[in-house]
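Undergrad: This is the structure I have questions about; it appears just below.
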Amino acid sequence: MSSLILGIETSCDETAAAVVAEGERVLSSVVASQISTHGKYGGVVPELASREHLRAIVTVVREALANANTELENLGAIAATAGPGLVGSLLVGLTYAKSLCFARGLPLIAVNHIEGHIHAVLLEARQRSWAIEFPAVALVVSGGHTHLFEVAEGFRYRLLGRTRDDAAGEAFDKVAKLLGFGYPGGPVIDRLAPYGNAAAVRFTFAKMKGNDLDFSFSGLKTAVLRWVEARDMEAEIAARRALSGNRPSVEQWLAVTPQPTLDLLASFQRAVIRELLTRAVESAQRIGARSLIVSGGVASNSALRAAAQTGGLRFPVFFPSRALCTDNAAMIAAAAFSKFARGEFAGLDTKAQANLTLAG
Ligand code: KG4
Ligand code: ZN
C-alpha cells in the first residue's frame with residue numbers, strides 16, 4: 001500500500017495541501033494565504049475565510065499533487081483537519097477530502113489541528129535525525145491556541161495548561177491592531193521589537209488561581225490599551241493605518257513609529273515570551289520532561305526562539321523551521337501517518353468540530 005498521504009488544512013485563514021511520503025518526506029506543500037483578504041479588517045472574518053477556502057481548495061490540492069509529481073490514484077490516504085478551528089472553514093477542507101476519498105475509494109484520516117502543529121516538529125526531527133526524547137512538553141502557541149501538553153511515547157497527550165482568555169498570537173494581533181500595524185501582528189512586532197528597549201515598560205501579571213500552568217494574556221492587552229489611552233497617539237496610529245495595507249518594510253514602519261512605541265512593542269513581546277517560557281519550563285520540570293517542543297505561528301518569533309535556545313534550559317528545545325510554524329498541510333499529513341500505520345481511519349460521516357480537544 002502506498003504511504004503517500006495528501007494532507008488538507010483549512011482550519012483558519014490558510015488553504016493548504018501537501019503530499020508527504022512515509023510521514024517524513026515532504027514532496028509538496030502549498031499554502032494559499034488569505035492575509036490580503038482579512039488584513040483590512042484587523043483579524044480573520046469567518047464568513048470571508050470560508051468563501052476564500054471554497055475558491056482556493058481545488059487549485060491548491062491540484063497544485064500539491066502536481067508539485068509532488070503524483071496523482072490521486074497513487075495515494076494511500078487523504079488526511080484533513082477536523083478541528084479545532086472555524087467551523088465554516090474546517091468544513092470546506094474536510095468535505096472536499098471526504099468527496100475525494102469517496103470518489104477514489106481512499107481512506108480518510110481526521111487530524112486534530114493542534115496535533116498537526118506538534119507533528120511539524122516531529123516531522124523535521126525525523127528528517128534531520130534530531131533525538132527528541134520523551135516525555136516531552138509541547139508548547140503550542142498560535143493565533144487560536146496557547147496550550148501546554150505532556151507528550152508521551154506513542155503520541156499520547158495530556159493537557160497541562162492552557163490560556164484562559166486570549167491566545168498568545170491573538171495578543172500580538174490585538175496589540176498590533178490597536179497600534180495601527182494591521183494583521184497579522186506577530187511578524188511586525190517581531191521585526192520592530194529589536195529597535196525598542198524591552199525594559200522600558202513594566203507589565204505585571206496577576207497570579208493565577210487554580211492551575212498555575214494556565215496562561216492569561218487579556219490583562220497584558222488591557223495594560224497596552226491603558227498605555228495608549230494615556231498618550232496622544234492618534235496621529236501616529238493613523239499614519240501607520242494608512243501604511244499597513246501596503247506590506248511596509250521595516251524602514252517604512254520605523255519612519256512612522258516613535259521610540260516610546262518601539263519600546264512598548266519590545267516590552268510587550270518580552271512579557272509574552274517570559275510568560276510562555278516560565279510556564280513551559282515549570283511544566284517540563286514537574287513532569288520530568290526530557291525535551292521541549294515549541295510550535296504554532298508564534299513559534300516563528302525570533303526573540304522567543306533565541307530566548308528558548310540560549311536560556312540555559314536543562315533539556316533540548318525544538319522548534320520547526322519557520323515555514324512549518326504557521327498553518328500548513330505538511331504537518332497534517334505527517335500527523336496522519338501514525339494513524340495510517342495503525343489503520344485508524346475516519347468514517348465519511350466525520351464532523352468538523354470547532355472545539356475539538358486533543359487531551360482532557
Ligand atoms: O499557527 P497559525 O498560522 O494559525 C493558527 O492556528 O492560529 O498562527 C498565526 C498566529 C497569528 O496570531 C500571528 O500573529 C502569529 O501566529 N505569528 C507570530 C509570528 N508569526 C506569526 N507571532 C509572533 N511572532 C511572529 N514572528
Ligand atoms: Zn494553527
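Chain labels follow the order of the C-alpha cells: the first chain is A, the next B, and so on; residue numbering restarts at 1 in every chain, and ligands are counted from 1 in their shown order.
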Step by step, measure atom-to-atom distances between ligand 2 and each residue using only C-alpha atoms and all ligand atoms, keep those at most 9 Å, then write them as a VMD selection string.
TA: chain A and resid 11 to 12 85 113 to 114 116 to 117 140 to 145 295 to 297 325 to 328
Undergrad: I want to know what sits within 8 Å of Leu75 in chain A, based on only C-alpha atoms, with residues of the same chain fewer than 3 positions away left out; could you give that as a PyMOL selection string?
TA: chain A and resi 2-6+71-72+78+106
Undergrad: Nearest to Pro107 in chain A among A:Ala79, A:Pro135, A:Ala352, A:Asp13, with distances taken over only C-alpha atoms: which residue is it?
TA: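 Under the stated criterion, the closest residue is A:Ala79.
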Undergrad: From the list A:Arg247, A:Arg270, A:Arg226, A:Arg162, which residue is nearest ligand 1 when using only C-alpha atoms and all ligand atoms?
TA: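 Checking each of A:Arg247, A:Arg270, A:Arg226, A:Arg162 against ligand 1, counting only C-alpha atoms and all ligand atoms, the winner is A:Arg270.
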Undergrad: Could you name the residues that touch Leu148 in chain A at 6 Å or less, counting only C-alpha atoms, but leaving out those on the same chain fewer than 5 positions away, as a VMD selection string?
TA: chain A and resid 138 to 139 160 to 161
Undergrad: Those same residues, written as a compact mmCIF listing (two decimals), in the first residue's frame with N, CA and C atoms?
TA:
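Saved as again17.txt:
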# COMPACT_ATOMS: atom_id res chain seq x y z
N ALA A 138 5.05 19.95 25.05
CA ALA A 138 4.82 20.70 23.81
C ALA A 138 4.08 21.98 24.15
N LEU A 139 4.66 23.09 23.73
CA LEU A 139 4.02 24.40 23.87
C LEU A 139 3.49 24.76 22.49
N LEU A 160 -1.59 20.11 30.15
CA LEU A 160 -1.01 20.59 31.41
C LEU A 160 -1.47 22.01 31.73
N GLY A 161 -1.67 22.80 30.70
CA GLY A 161 -2.10 24.19 30.92
C GLY A 161 -2.58 24.79 29.62
Undergrad: Pick out the residues sitting within 6 Å of range 180-185 of chain A, and hand them over as a ChimeraX atom specification; count only C-alpha atoms, and ignore anything fewer than 5 positions along from it in its own chain.
TA: /A:39,42-43,172-173,237,240-241,244
Undergrad: Find the residue from A:Ser291, A:Asn246, A:Asn112, A:Ser283 that sits nearest to Glu133 in chain A; use only C-alpha atoms when measuring.
TA: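 Among the listed residues, the smallest separation from Glu133 in chain A belongs to A:Ser291.
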Undergrad: When you count only C-alpha atoms, which of these residues is closest to Gly169 in chain A: A:Ser29, A:Asn67, A:Thr15, A:Gln269?
TA: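 Among the listed residues, the smallest separation from Gly169 in chain A belongs to A:Gln269.
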Undergrad: What lies within 9 Å of Gln259 in chain A using only C-alpha atoms, ignoring chain neighbours under 6 positions off, as a PyMOL selection string?
TA: chain A and resi 195-197
Undergrad: Can you measure atom 17 (N, counted along the ligand's line) of ligand 1 to CA of Asp166 in chain A for me? One decimal in Å is fine.
TA: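 If I compute the distance from atom 17 (N, counted along the ligand's line) of ligand 1 to CA of Asp166 in chain A, I get 13.7 Å.
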Undergrad: Which of these residues is nearest to ligand 1, using only C-alpha atoms and all ligand atoms: A:Val294, A:Ala97, A:Ala238, A:Leu254?
TA: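 Result for the nearest residue to ligand 1: A:Val294.
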